[in-house]
>>> print(open('data06.csv').read())   # CSV, C-alpha atoms (C1' of nucleotides)
chain,number,residue,atom,x,y,z
A,220,MET,CA,0.0,0.0,0.0
A,221,SER,CA,1.7,3.0,-1.3
A,222,ASP,CA,1.2,6.5,-0.1
A,223,THR,CA,-0.6,7.3,-3.4
A,224,TYR,CA,-3.0,4.5,-2.9
A,225,ALA,CA,-4.2,5.8,0.5
A,226,ASN,CA,-4.0,9.3,-0.7
A,227,LEU,CA,-6.3,8.5,-3.6
A,228,LEU,CA,-8.8,6.9,-1.3
A,229,ASP,CA,-8.7,9.9,1.0
A,230,LEU,CA,-9.4,12.2,-1.9
A,231,ALA,CA,-12.1,10.0,-3.3
A,232,GLU,CA,-13.8,9.9,0.1
A,233,SER,CA,-13.7,13.6,0.6
A,234,GLU,CA,-15.0,14.3,-2.9
A,235,SER,CA,-17.7,11.6,-2.6
A,236,CYS,CA,-19.0,13.1,0.6
A,237,ALA,CA,-19.3,16.4,-1.1
A,238,ARG,CA,-20.7,15.4,-4.5
A,239,GLY,CA,-21.3,11.6,-4.5
A,240,PHE,CA,-19.1,8.8,-5.8
A,241,THR,CA,-20.7,8.9,-9.3
A,242,ALA,CA,-19.8,12.6,-9.8
A,243,VAL,CA,-16.1,12.0,-8.9
A,244,SER,CA,-13.9,11.4,-11.9
A,245,TYR,CA,-10.4,10.0,-12.4
A,246,GLY,CA,-9.6,13.5,-13.8
A,247,ASP,CA,-10.7,15.2,-10.6
A,248,LEU,CA,-8.7,12.8,-8.5
A,249,ALA,CA,-5.7,13.1,-10.7
A,250,THR,CA,-5.7,16.9,-10.4
A,251,LEU,CA,-6.1,16.8,-6.6
A,252,ALA,CA,-3.4,14.1,-6.2
A,253,GLY,CA,-1.0,15.9,-8.6
A,254,ILE,CA,-0.6,12.9,-10.9
A,255,ARG,CA,-2.0,11.9,-14.3
A,256,LYS,CA,-5.3,10.1,-14.5
A,257,ALA,CA,-3.8,7.1,-16.3
A,258,SER,CA,-1.6,6.5,-13.1
A,259,ILE,CA,-4.8,6.0,-11.1
A,260,HIS,CA,-5.5,2.9,-13.1
A,261,HIS,CA,-2.4,1.3,-11.7
A,262,HIS,CA,-3.9,1.4,-8.2
A,263,PHE,CA,-7.6,1.0,-9.2
A,264,PRO,CA,-7.9,-0.6,-12.6
A,265,ALA,CA,-11.6,0.2,-12.9
A,266,LYS,CA,-13.8,2.8,-11.1
A,267,ALA,CA,-15.8,0.0,-9.5
A,268,SER,CA,-12.6,-1.3,-7.8
A,269,LEU,CA,-12.0,2.2,-6.4
A,270,GLY,CA,-15.6,2.3,-5.1
A,271,LEU,CA,-15.3,-1.1,-3.5
A,272,ALA,CA,-12.0,-0.2,-1.8
A,273,LEU,CA,-13.6,3.0,-0.6
A,274,VAL,CA,-16.6,1.5,1.0
A,275,ASP,CA,-14.6,-1.5,2.4
A,276,ARG,CA,-12.1,0.8,4.1
A,277,TYR,CA,-14.9,2.9,5.4
A,278,ALA,CA,-16.8,-0.1,6.8
A,279,ASP,CA,-13.7,-1.2,8.8
A,280,ARG,CA,-13.1,2.3,10.1
A,281,LEU,CA,-16.8,2.9,11.0
A,282,ALA,CA,-17.2,-0.4,12.8
A,283,GLY,CA,-14.0,0.4,14.8
A,284,GLU,CA,-15.1,3.9,15.6
A,285,LEU,CA,-18.6,2.9,16.7
A,286,ALA,CA,-17.2,0.2,19.0
A,287,GLU,CA,-14.8,2.6,20.5
A,288,LEU,CA,-17.5,5.2,20.9
A,289,SER,CA,-19.6,2.7,22.8
A,290,GLU,CA,-16.7,1.8,25.1
A,291,ARG,CA,-15.8,5.4,25.9
A,292,SER,CA,-19.4,6.4,26.6
A,293,ARG,CA,-20.6,6.1,30.2
A,294,SER,CA,-24.2,5.8,29.2
A,295,GLY,CA,-26.4,5.1,26.1
A,296,GLY,CA,-27.3,8.8,26.1
A,297,ASP,CA,-23.6,9.8,25.9
A,298,ALA,CA,-23.0,7.4,23.1
A,299,LEU,CA,-26.0,8.8,21.1
A,300,ARG,CA,-24.8,12.4,21.8
A,301,ALA,CA,-21.4,11.5,20.5
A,302,TYR,CA,-22.9,10.0,17.3
A,303,LEU,CA,-24.9,13.1,16.7
A,304,ALA,CA,-21.8,15.2,17.1
A,305,ARG,CA,-20.0,12.9,14.6
A,306,CYS,CA,-22.7,13.4,12.0
A,307,ARG,CA,-22.7,17.1,12.5
A,308,ASN,CA,-18.9,17.2,12.2
A,309,ASP,CA,-19.1,15.3,8.8
A,310,LEU,CA,-21.0,18.3,7.4
A,311,ARG,CA,-17.9,20.5,7.3
A,312,ASP,CA,-19.2,23.9,6.2
A,313,GLY,CA,-22.4,22.4,4.8
A,314,THR,CA,-20.9,21.1,1.6
A,315,ALA,CA,-20.5,17.4,2.7
A,316,VAL,CA,-22.2,14.6,4.5
A,317,SER,CA,-20.9,11.4,6.0
A,318,LEU,CA,-19.8,8.8,3.4
A,319,LEU,CA,-22.6,6.5,4.2
A,320,ALA,CA,-25.2,9.2,3.7
A,321,ALA,CA,-23.6,10.2,0.4
A,322,MET,CA,-23.7,6.6,-0.8
A,323,ILE,CA,-27.3,6.1,0.1
A,324,ALA,CA,-28.2,9.2,-1.7
A,325,ASP,CA,-26.3,8.1,-4.8
A,326,ALA,CA,-27.1,4.3,-4.5
A,327,ALA,CA,-29.2,4.1,-7.6
A,328,ASN,CA,-26.1,4.9,-9.7
A,329,LEU,CA,-23.6,2.8,-7.8
A,330,PRO,CA,-22.1,-0.5,-9.0
A,331,GLU,CA,-24.3,-3.4,-7.8
A,332,GLU,CA,-21.6,-4.8,-5.5
A,333,MET,CA,-21.1,-1.4,-3.9
A,334,ARG,CA,-24.8,-1.1,-3.3
A,335,GLY,CA,-24.8,-4.3,-1.4
A,336,GLN,CA,-22.1,-3.0,0.9
A,337,VAL,CA,-24.0,0.2,1.5
A,338,THR,CA,-27.0,-1.9,2.7
A,339,ARG,CA,-24.7,-3.8,5.1
A,340,LEU,CA,-23.3,-0.6,6.4
A,341,ARG,CA,-26.7,0.9,7.0
A,342,GLU,CA,-27.7,-2.3,8.9
A,343,LEU,CA,-24.6,-2.1,11.0
A,344,VAL,CA,-25.2,1.5,12.0
A,345,VAL,CA,-29.0,0.9,12.6
A,346,ARG,CA,-28.1,-2.1,14.8
A,347,TRP,CA,-25.6,0.0,16.7
A,348,LEU,CA,-28.1,2.7,17.3
A,349,GLY,CA,-30.6,0.2,18.5
A,350,ASP,CA,-28.1,-1.2,21.0
A,351,VAL,CA,-27.3,2.3,22.2
A,352,LEU,CA,-31.0,3.1,22.7
A,353,GLN,CA,-31.5,-0.2,24.5
A,354,ARG,CA,-28.5,0.6,26.7
A,355,GLY,CA,-29.7,4.1,27.4
A,356,ARG,CA,-33.1,2.8,28.4
A,357,GLN,CA,-31.5,0.4,30.9
A,358,ASP,CA,-29.2,3.0,32.4
A,359,ARG,CA,-32.1,5.5,32.4
A,360,SER,CA,-30.2,8.1,30.3
A,361,ILE,CA,-32.7,7.7,27.4
A,362,SER,CA,-36.4,7.5,27.2
A,363,VAL,CA,-37.9,6.0,24.0
A,364,SER,CA,-41.5,4.9,23.6
A,365,GLY,CA,-41.1,2.3,20.8
A,366,GLY,CA,-38.8,-0.7,20.6
A,367,PRO,CA,-35.1,0.0,20.4
A,368,ARG,CA,-34.8,-1.5,16.9
A,369,GLU,CA,-37.4,0.6,15.2
A,370,GLU,CA,-36.4,3.7,17.1
A,371,GLY,CA,-32.8,3.1,16.0
A,372,LEU,CA,-33.9,3.0,12.4
A,373,ALA,CA,-36.0,6.1,12.9
A,374,VAL,CA,-33.0,8.0,14.4
A,375,PHE,CA,-30.9,6.8,11.5
A,376,VAL,CA,-33.1,8.0,8.8
A,377,GLN,CA,-33.8,11.3,10.5
A,378,LEU,CA,-30.1,12.0,10.7
A,379,LEU,CA,-29.7,10.8,7.1
A,380,GLY,CA,-32.3,13.2,5.9
A,381,ALA,CA,-31.0,16.0,8.1
A,382,GLN,CA,-27.5,15.7,6.6
A,383,LEU,CA,-28.7,15.6,3.1
A,384,ALA,CA,-31.1,18.6,3.6
A,385,ALA,CA,-28.2,20.5,5.1
A,386,ARG,CA,-25.9,19.7,2.2
A,387,ALA,CA,-28.6,20.6,-0.3
A,388,ALA,CA,-29.0,24.0,1.3
A,389,ARG,CA,-25.3,24.3,2.1
A,390,ASP,CA,-26.4,25.3,5.6
A,391,PRO,CA,-25.0,23.1,8.4
A,392,SER,CA,-27.4,24.8,10.9
A,393,LEU,CA,-30.2,23.1,9.1
A,394,PHE,CA,-28.9,19.8,10.5
A,395,ASP,CA,-29.1,21.2,14.0
A,396,ALA,CA,-32.7,22.3,13.5
A,397,ALA,CA,-33.7,19.0,11.9
A,398,SER,CA,-32.1,16.8,14.5
A,399,ALA,CA,-33.1,18.9,17.6
A,400,THR,CA,-36.2,16.7,18.2
A,401,ILE,CA,-33.9,13.7,18.7
A,402,SER,CA,-32.3,15.3,21.7
A,403,ALA,CA,-35.6,16.7,23.0
A,404,ARG,CA,-37.5,13.5,22.6
A,405,ILE,CA,-34.9,11.0,23.8
A,406,PHE,CA,-32.6,12.4,26.4
A,407,ARG,CA,-33.5,12.4,30.0
A,408,SER,CA,-32.0,14.7,32.6
B,263,MET,CA,-51.0,19.0,-23.3
B,264,SER,CA,-48.6,19.6,-26.0
B,265,ASP,CA,-47.6,16.3,-26.5
B,266,THR,CA,-43.9,16.0,-26.7
B,267,TYR,CA,-43.1,18.9,-24.3
B,268,ALA,CA,-45.3,17.5,-21.5
B,269,ASN,CA,-44.3,13.9,-22.3
B,270,LEU,CA,-40.6,14.8,-22.0
B,271,LEU,CA,-41.2,16.4,-18.7
B,272,ASP,CA,-43.1,13.3,-17.5
B,273,LEU,CA,-40.3,11.1,-18.6
B,274,ALA,CA,-37.6,13.3,-17.1
B,275,GLU,CA,-39.5,13.4,-13.8
B,276,SER,CA,-40.0,9.6,-13.7
B,277,GLU,CA,-36.3,9.0,-14.5
B,278,SER,CA,-35.2,11.6,-12.0
B,279,CYS,CA,-37.2,10.1,-9.2
B,280,ALA,CA,-35.4,6.8,-9.9
B,281,ARG,CA,-31.9,7.9,-10.6
B,282,GLY,CA,-31.6,11.6,-10.1
B,283,PHE,CA,-31.7,14.5,-12.6
B,284,THR,CA,-28.0,14.4,-13.2
B,285,ALA,CA,-28.0,10.8,-14.2
B,286,VAL,CA,-30.8,11.4,-16.8
B,287,SER,CA,-29.4,12.1,-20.3
B,288,TYR,CA,-31.0,13.5,-23.4
B,289,GLY,CA,-30.2,10.1,-25.0
B,290,ASP,CA,-32.3,8.3,-22.3
B,291,LEU,CA,-35.2,10.6,-22.8
B,292,ALA,CA,-35.0,10.4,-26.6
B,293,THR,CA,-35.1,6.6,-26.5
B,294,LEU,CA,-38.1,6.7,-24.0
B,295,ALA,CA,-39.9,9.3,-26.0
B,296,GLY,CA,-39.2,7.6,-29.4
B,297,ILE,CA,-37.6,10.7,-30.9
B,298,ARG,CA,-34.0,11.7,-31.6
B,299,LYS,CA,-32.0,13.6,-28.9
B,300,ALA,CA,-31.5,16.6,-31.1
B,301,SER,CA,-35.3,17.1,-31.1
B,302,ILE,CA,-35.3,17.5,-27.4
B,303,HIS,CA,-33.2,20.7,-27.8
B,304,HIS,CA,-36.1,22.2,-29.6
B,305,HIS,CA,-38.2,22.0,-26.4
B,306,PHE,CA,-35.4,22.4,-23.9
B,307,PRO,CA,-32.3,24.2,-25.5
B,308,ALA,CA,-30.1,23.3,-22.5
B,309,LYS,CA,-30.3,20.7,-19.8
B,310,ALA,CA,-30.6,23.4,-17.2
B,311,SER,CA,-33.8,24.6,-18.9
B,312,LEU,CA,-35.2,21.2,-18.7
B,313,GLY,CA,-34.4,21.0,-15.0
B,314,LEU,CA,-35.9,24.4,-14.3
B,315,ALA,CA,-39.1,23.5,-16.1
B,316,LEU,CA,-39.2,20.2,-14.3
B,317,VAL,CA,-38.9,21.7,-10.8
B,318,ASP,CA,-41.2,24.6,-11.6
B,319,ARG,CA,-43.9,22.3,-12.8
B,320,TYR,CA,-43.5,20.2,-9.8
B,321,ALA,CA,-43.6,23.2,-7.5
B,322,ASP,CA,-47.0,24.2,-8.9
B,323,ARG,CA,-48.4,20.8,-8.7
B,324,LEU,CA,-47.1,20.1,-5.2
B,325,ALA,CA,-48.5,23.4,-3.8
B,326,GLY,CA,-51.8,22.6,-5.3
B,327,GLU,CA,-51.9,19.1,-4.0
B,328,LEU,CA,-50.9,20.0,-0.5
B,329,ALA,CA,-53.6,22.7,-0.4
B,330,GLU,CA,-56.1,20.3,-1.6
B,331,LEU,CA,-54.9,17.7,0.9
B,332,SER,CA,-55.4,20.1,3.7
B,333,GLU,CA,-58.9,21.0,2.6
B,334,ARG,CA,-60.0,17.4,2.2
B,335,SER,CA,-58.7,16.3,5.5
B,336,ARG,CA,-61.0,16.5,8.5
B,337,SER,CA,-58.2,16.8,11.0
B,338,GLY,CA,-54.4,17.5,11.1
B,339,GLY,CA,-53.9,13.9,11.8
B,340,ASP,CA,-55.8,12.9,8.7
B,341,ALA,CA,-53.7,15.3,6.6
B,342,LEU,CA,-50.4,14.0,8.0
B,343,ARG,CA,-51.6,10.4,7.3
B,344,ALA,CA,-52.4,11.3,3.8
B,345,TYR,CA,-49.0,12.9,3.3
B,346,LEU,CA,-47.3,9.7,4.6
B,347,ALA,CA,-49.3,7.7,2.1
B,348,ARG,CA,-48.3,10.0,-0.6
B,349,CYS,CA,-44.6,9.6,0.2
B,350,ARG,CA,-45.0,5.8,0.4
B,351,ASN,CA,-46.8,5.8,-3.0
B,352,ASP,CA,-43.9,7.7,-4.7
B,353,LEU,CA,-41.6,4.8,-3.9
B,354,ARG,CA,-43.3,2.6,-6.5
B,355,ASP,CA,-41.6,-0.8,-6.2
B,356,GLY,CA,-38.7,0.7,-4.2
B,357,THR,CA,-36.9,2.1,-7.2
B,358,ALA,CA,-37.9,5.7,-6.9
B,359,VAL,CA,-38.5,8.5,-4.4
B,360,SER,CA,-40.5,11.7,-4.6
B,361,LEU,CA,-39.0,14.3,-6.9
B,362,LEU,CA,-38.2,16.6,-4.1
B,363,ALA,CA,-36.3,13.9,-2.2
B,364,ALA,CA,-34.5,12.9,-5.4
B,365,MET,CA,-33.4,16.5,-6.0
B,366,ILE,CA,-32.3,17.0,-2.4
B,367,ALA,CA,-30.2,13.9,-2.7
B,368,ASP,CA,-28.7,15.1,-6.0
B,369,ALA,CA,-28.5,18.8,-5.1
B,370,ALA,CA,-24.8,19.1,-5.0
B,371,ASN,CA,-24.7,18.4,-8.8
B,372,LEU,CA,-27.6,20.5,-9.9
B,373,PRO,CA,-27.5,23.9,-11.6
B,374,GLU,CA,-27.4,26.7,-9.1
B,375,GLU,CA,-30.8,28.1,-10.0
B,376,MET,CA,-32.3,24.6,-9.6
B,377,ARG,CA,-30.8,24.2,-6.2
B,378,GLY,CA,-32.4,27.5,-5.1
B,379,GLN,CA,-35.8,26.2,-6.2
B,380,VAL,CA,-35.2,22.9,-4.3
B,381,THR,CA,-34.6,24.9,-1.1
B,382,ARG,CA,-37.8,26.9,-1.6
B,383,LEU,CA,-39.7,23.6,-2.2
B,384,ARG,CA,-38.3,22.1,0.9
B,385,GLU,CA,-39.3,25.2,2.9
B,386,LEU,CA,-42.8,25.0,1.4
B,387,VAL,CA,-43.3,21.4,2.5
B,388,VAL,CA,-41.8,22.0,5.9
B,389,ARG,CA,-44.1,24.9,6.5
B,390,TRP,CA,-47.1,22.9,5.4
B,391,LEU,CA,-46.1,20.1,7.8
B,392,GLY,CA,-45.8,22.6,10.6
B,393,ASP,CA,-49.2,23.9,9.9
B,394,VAL,CA,-50.7,20.4,9.8
B,395,LEU,CA,-49.1,19.6,13.1
B,396,GLN,CA,-50.4,22.8,14.6
B,397,ARG,CA,-53.8,22.1,13.3
B,398,GLY,CA,-53.7,18.5,14.7
B,399,ARG,CA,-52.7,19.8,18.1
B,400,GLN,CA,-55.6,22.1,18.1
B,401,ASP,CA,-58.2,19.5,17.0
B,402,ARG,CA,-56.5,17.0,19.3
B,403,SER,CA,-55.8,14.5,16.6
B,404,ILE,CA,-52.0,14.9,17.1
B,405,SER,CA,-49.8,15.1,20.1
B,406,VAL,CA,-46.3,16.6,19.6
B,407,SER,CA,-44.0,17.7,22.4
B,408,GLY,CA,-42.0,20.4,20.6
B,409,GLY,CA,-43.0,23.4,18.6
B,410,PRO,CA,-44.9,22.7,15.3
B,411,ARG,CA,-42.2,24.3,13.2
B,412,GLU,CA,-39.3,22.2,14.4
B,413,GLU,CA,-41.4,19.1,14.6
B,414,GLY,CA,-42.5,19.7,11.0
B,415,LEU,CA,-38.9,19.8,9.9
B,416,ALA,CA,-38.1,16.7,11.9
B,417,VAL,CA,-40.9,14.8,10.2
B,418,PHE,CA,-39.8,16.1,6.8
B,419,VAL,CA,-36.2,14.9,7.2
B,420,GLN,CA,-37.3,11.6,8.7
B,421,LEU,CA,-39.5,10.9,5.6
B,422,LEU,CA,-36.7,12.1,3.3
B,423,GLY,CA,-34.2,9.7,4.9
B,424,ALA,CA,-36.8,6.9,4.9
B,425,GLN,CA,-37.5,7.3,1.2
B,426,LEU,CA,-33.8,7.4,0.2
B,427,ALA,CA,-32.9,4.5,2.4
B,428,ALA,CA,-35.7,2.5,0.9
B,429,ARG,CA,-34.6,3.3,-2.7
B,430,ALA,CA,-31.0,2.5,-1.9
B,431,ALA,CA,-32.1,-1.0,-0.6
B,432,ARG,CA,-34.8,-1.3,-3.3
B,433,ASP,CA,-37.1,-2.2,-0.5
B,434,PRO,CA,-40.2,-0.1,0.0
B,435,SER,CA,-41.0,-1.9,3.3
B,436,LEU,CA,-38.0,-0.2,4.7
B,437,PHE,CA,-39.9,3.1,4.4
B,438,ASP,CA,-42.7,1.7,6.5
B,439,ALA,CA,-40.3,0.5,9.2
B,440,ALA,CA,-38.4,3.8,9.2
B,441,SER,CA,-41.5,6.0,9.3
B,442,ALA,CA,-43.5,3.9,11.8
B,443,THR,CA,-42.3,6.0,14.8
B,444,ILE,CA,-44.0,9.0,13.3
B,445,SER,CA,-47.4,7.4,13.5
B,446,ALA,CA,-46.6,5.9,16.9
B,447,ARG,CA,-45.3,9.2,18.3
B,448,ILE,CA,-47.7,11.7,16.9
B,449,PHE,CA,-51.2,10.2,16.4
B,450,ARG,CA,-53.7,10.2,19.2
B,451,SER,CA,-56.8,8.1,19.2
C,139,DG,C1',4.7,3.8,-10.3
C,140,DT,C1',4.2,7.3,-13.3
C,141,DC,C1',4.3,9.0,-17.7
C,142,DT,C1',2.5,10.0,-22.9
C,143,DA,C1',-0.5,8.8,-26.2
C,144,DT,C1',-4.6,7.1,-27.7
C,145,DA,C1',-8.6,4.6,-28.0
C,146,DA,C1',-13.8,4.2,-27.3
C,147,DT,C1',-17.7,5.8,-25.6
C,148,DG,C1',-21.3,9.0,-24.3
C,149,DA,C1',-22.5,13.5,-22.9
C,150,DG,C1',-24.7,18.2,-24.1
C,151,DA,C1',-25.2,21.1,-27.9
C,152,DT,C1',-25.6,23.4,-32.9
C,153,DA,C1',-26.6,23.8,-38.1
C,154,DG,C1',-29.4,23.2,-41.5
C,155,DA,C1',-32.5,20.2,-44.5
C,156,DC,C1',-37.3,18.7,-44.7
D,180,DG,C1',-41.0,19.7,-34.8
D,181,DT,C1',-38.2,16.3,-36.1
D,182,DC,C1',-34.6,14.7,-38.6
D,183,DT,C1',-29.3,13.8,-40.0
D,184,DA,C1',-24.9,15.1,-39.4
D,185,DT,C1',-21.5,17.0,-36.8
D,186,DC,C1',-19.0,19.2,-33.1
D,187,DT,C1',-16.7,19.5,-28.6
D,188,DC,C1',-15.7,17.9,-24.5
D,189,DA,C1',-15.3,14.7,-20.5
D,190,DT,C1',-15.2,10.1,-19.2
D,191,DT,C1',-13.3,5.4,-18.4
D,192,DA,C1',-9.9,2.6,-20.0
D,193,DT,C1',-5.5,0.4,-22.4
D,194,DA,C1',-0.7,0.1,-24.4
D,195,DG,C1',3.7,0.7,-23.9
D,196,DA,C1',7.9,3.8,-22.9
D,197,DC,C1',10.7,5.3,-19.0
>>> encode(input="data06.csv", output="structure tokens")
Amino acid sequence: MSDTYANLLDLAESESCARGFTAVSYGDLATLAGIRKASIHHHFPAKASLGLALVDRYADRLAGELAELSERSRSGGDALRAYLARCRNDLRDGTAVSLLAAMIADAANLPEEMRGQVTRLRELVVRWLGDVLQRGRQDRSISVSGGPREEGLAVFVQLLGAQLAARAARDPSLFDAASATISARIFRS
Amino acid sequence: MSDTYANLLDLAESESCARGFTAVSYGDLATLAGIRKASIHHHFPAKASLGLALVDRYADRLAGELAELSERSRSGGDALRAYLARCRNDLRDGTAVSLLAAMIADAANLPEEMRGQVTRLRELVVRWLGDVLQRGRQDRSISVSGGPREEGLAVFVQLLGAQLAARAARDPSLFDAASATISARIFRS
DNA sequence: GTCTATAATGAGATAGAC
DNA sequence: GTCTATCTCATTATAGAC
């Protein structure tokens, strides 16, 4: 794994969060990386292989980060708060969303294999959110009316929509307004 | 009524709901309409003009439909239920979303003028949802904890996320699962 | 690993005949 | 209004030199 390889993945991720994987071209990446676009084919023969490498790397990182986030949090409420902050942070100045949100928005134009990975990633996050809500209910930091699984999915899609609406308006504060009810509805204390 | 013009808009709308406006080409539309792509330029000289006509026509139709939906509903709860059914119906077999959702997902790649129209459309719907929640609170068909405006925005982005997640998975039932908490949380009776 | 050069395709768009 | 023909440009991708 050369520097260029990882650097190309970094650039592809950043650009995909801003405009979607489909809109990112080898020409864009070549310019950003300071090499020629033909050179990118040495690392990623086809664009689908770049996409797969991108989502696979992200899946590993996300699973690790969520696990770490659970461990570090002293309550389910803390973990959920940290996840909210993470989503908010991915918005940058309102020109981007998290990679998972970007891929869900763009899924209809993604290679089939990539779309399957996106579904698995969504299920991973929804499951994690359900666990966090369950934990928060037990430690009394969270109050949800429905079952943790369906509430986890509800939180996920609300944050997904909030991120995409904020990017569309290029206004990160829209995310805050659109996700405020999660805090208001769920957190105790 | 004129034939090709309206037909092209219909086809562009249908394809945009499935794959996003950016992914729809003159070549696609020409094949679907049974004409040559050069002929499309007679009706829409540039693709941006097609996009503008598309979103403008949708804005008119949506405003009318929402107003009619308010009038026909006997309570705020009924109006919200009808809106939920409308979103669900736009999913078709899980391969599409409502045009507004599709444009928000694709906004980063849309012509600037189109993006402005998308923002105005989003504000229109969020305002309508806020009014409906307010009305439902007064007629006691709806129970919301927060203010109608922020709850309206929350409902909007949850439905936005639910639609896009369902399209990504090509599974319309995912929309049902992801929007179930709206009914559970809000409706009285 | 990166380069130049070059397909091969498909996109949006224009000119002008009918 | 629709056609053929053509243009320009961007895209993914390959071959082969260095």
>>> atom_distance(input="data06.csv", atom1="CA of Tyr224 in chain A", atom2="CA of Ile259 in chain A")
8.5 Å
>>> interface_residues(input="data06.csv", of="chain C", to="chain B", cutoff="8 Å", atoms="all atoms listed in the file", output="number ranges by chain")
C: 149-151
>>> atom_distance(input="data06.csv", atom1="CA of Ala399 in chain A", atom2="CA of Val374 in chain A")
11.4 Å
>>> atom_distance(input="data06.csv", atom1="CA of Arg280 in chain A", atom2="CA of Val419 in chain B")
26.5 Å
>>> interface_residues(input="data06.csv", of="chain D", to="chain A", cutoff="9 Å", atoms="all atoms listed in the file", output="number ranges by chain")
D: 189-192
>>> interface_residues(input="data06.csv", of="chain B", to="chain A", cutoff="7 Å", atoms="all atoms listed in the file", output="JSON, numbers by chain")
{"B": [281, 366, 367, 369, 370, 371, 381, 412, 413, 415, 416, 419, 420, 422, 423, 424, 426, 427, 430, 431, 439, 440, 441, 443]}
>>> residues_around(input="data06.csv", residues="Leu288 in chain A", least_positions_apart="4", cutoff="10 Å", atoms="only C-alpha atoms (C1' of nucleotides)", output="ChimeraX atom specification")
/A:282-284,292-293,297-299,301-302
>>> write_last_selection(input="data06.csv", atoms="C-alpha atoms", output="CSV table (one decimal), keeping the file's coordinate frame")
chain,number,residue,atom,x,y,z
A,282,ALA,CA,-17.2,-0.4,12.8
A,283,GLY,CA,-14.0,0.4,14.8
A,284,GLU,CA,-15.1,3.9,15.6
A,292,SER,CA,-19.4,6.4,26.6
A,293,ARG,CA,-20.6,6.1,30.2
A,297,ASP,CA,-23.6,9.8,25.9
A,298,ALA,CA,-23.0,7.4,23.1
A,299,LEU,CA,-26.0,8.8,21.1
A,301,ALA,CA,-21.4,11.5,20.5
A,302,TYR,CA,-22.9,10.0,17.3
>>> residues_around(input="data06.csv", residues="Leu273 in chain B", least_positions_apart="2", cutoff="8 Å", atoms="only C-alpha atoms (C1' of nucleotides)", output="list in words")
Asn269, Leu270, Leu271, Glu275, Ser276, Glu277, Leu291, Leu294 and Ala295 of chain B
>>> closest_atom_pairs(input="data06.csv", of="range 247-300 of chain A", to="range 139-142 of chain C", cutoff="9 Å", atoms="only C-alpha atoms (C1' of nucleotides)", output="Markdown table")
| residue | atom | partner | partner_atom | distance |
| --- | --- | --- | --- | --- |
| A:Ile254 | CA | C:DT140 | C1' | 7.8 |
| A:Arg255 | CA | C:DC141 | C1' | 7.7 |
| A:Ala257 | CA | C:DC141 | C1' | 8.4 |
| A:Ser258 | CA | C:DT140 | C1' | 5.9 |
| A:His261 | CA | C:DG139 | C1' | 7.7 |
>>> write_last_selection(input="data06.csv", atoms="C-alpha atoms", output="mmCIF file, keeping the file's coordinate frame")
data_model
loop_
_atom_site.group_PDB
_atom_site.id
_atom_site.type_symbol
_atom_site.label_atom_id
_atom_site.label_comp_id
_atom_site.auth_asym_id
_atom_site.auth_seq_id
_atom_site.Cartn_x
_atom_site.Cartn_y
_atom_site.Cartn_z
ATOM 1 C CA ILE A 254 -0.600 12.900 -10.900
ATOM 2 C CA ARG A 255 -2.000 11.900 -14.300
ATOM 3 C CA ALA A 257 -3.800 7.100 -16.300
ATOM 4 C CA SER A 258 -1.600 6.500 -13.100
ATOM 5 C CA HIS A 261 -2.400 1.300 -11.700
#
>>> residues_around(input="data06.csv", residues="DG154 in chain C", least_positions_apart="4", cutoff="12 Å", atoms="only C-alpha atoms (C1' of nucleotides)", output="PyMOL selection string")
chain D and resi 182-185
>>> closest_residue(input="data06.csv", among="A:Gly253, A:Pro330, A:Gly313, A:Pro367", to="Cys236 in chain A", atoms="only C-alpha atoms")
A:Gly313
>>> residues_around(input="data06.csv", residues="Trp390 in chain B", least_positions_apart="6", cutoff="9 Å", atoms="all atoms listed in the file", output="PDB file with C-alpha atoms, in the frame of the given file")
ATOM      1  CA  LEU B 328     -50.900  20.000  -0.500  1.00  0.00           C
ATOM      2  CA  ALA B 329     -53.600  22.700  -0.400  1.00  0.00           C
ATOM      3  CA  SER B 332     -55.400  20.100   3.700  1.00  0.00           C
ATOM      4  CA  GLY B 414     -42.500  19.700  11.000  1.00  0.00           C
TER       5      GLY B 414
END
>>> decode(input="data06.csv", residues="range 340-346 of chain B", atoms="N, CA and C atoms", output="PDB file, in the first residue's frame")
ATOM      1  N   ASP B 340     -55.397  13.470   9.972  1.00  0.00           N
ATOM      2  CA  ASP B 340     -55.759  12.915   8.668  1.00  0.00           C
ATOM      3  C   ASP B 340     -54.845  13.449   7.575  1.00  0.00           C
ATOM      4  N   ALA B 341     -54.556  14.737   7.627  1.00  0.00           N
ATOM      5  CA  ALA B 341     -53.694  15.342   6.606  1.00  0.00           C
ATOM      6  C   ALA B 341     -52.303  14.729   6.646  1.00  0.00           C
ATOM      7  N   LEU B 342     -51.780  14.550   7.849  1.00  0.00           N
ATOM      8  CA  LEU B 342     -50.445  13.954   7.980  1.00  0.00           C
ATOM      9  C   LEU B 342     -50.436  12.512   7.485  1.00  0.00           C
ATOM     10  N   ARG B 343     -51.475  11.788   7.825  1.00  0.00           N
ATOM     11  CA  ARG B 343     -51.592  10.408   7.346  1.00  0.00           C
ATOM     12  C   ARG B 343     -51.603  10.367   5.813  1.00  0.00           C
ATOM     13  N   ALA B 344     -52.331  11.300   5.219  1.00  0.00           N
ATOM     14  CA  ALA B 344     -52.413  11.346   3.753  1.00  0.00           C
ATOM     15  C   ALA B 344     -51.052  11.678   3.150  1.00  0.00           C
ATOM     16  N   TYR B 345     -50.294  12.552   3.816  1.00  0.00           N
ATOM     17  CA  TYR B 345     -48.966  12.894   3.314  1.00  0.00           C
ATOM     18  C   TYR B 345     -48.023  11.688   3.388  1.00  0.00           C
ATOM     19  N   LEU B 346     -48.121  10.955   4.476  1.00  0.00           N
ATOM     20  CA  LEU B 346     -47.325   9.736   4.614  1.00  0.00           C
ATOM     21  C   LEU B 346     -47.648   8.753   3.493  1.00  0.00           C
TER      22      LEU B 346
END
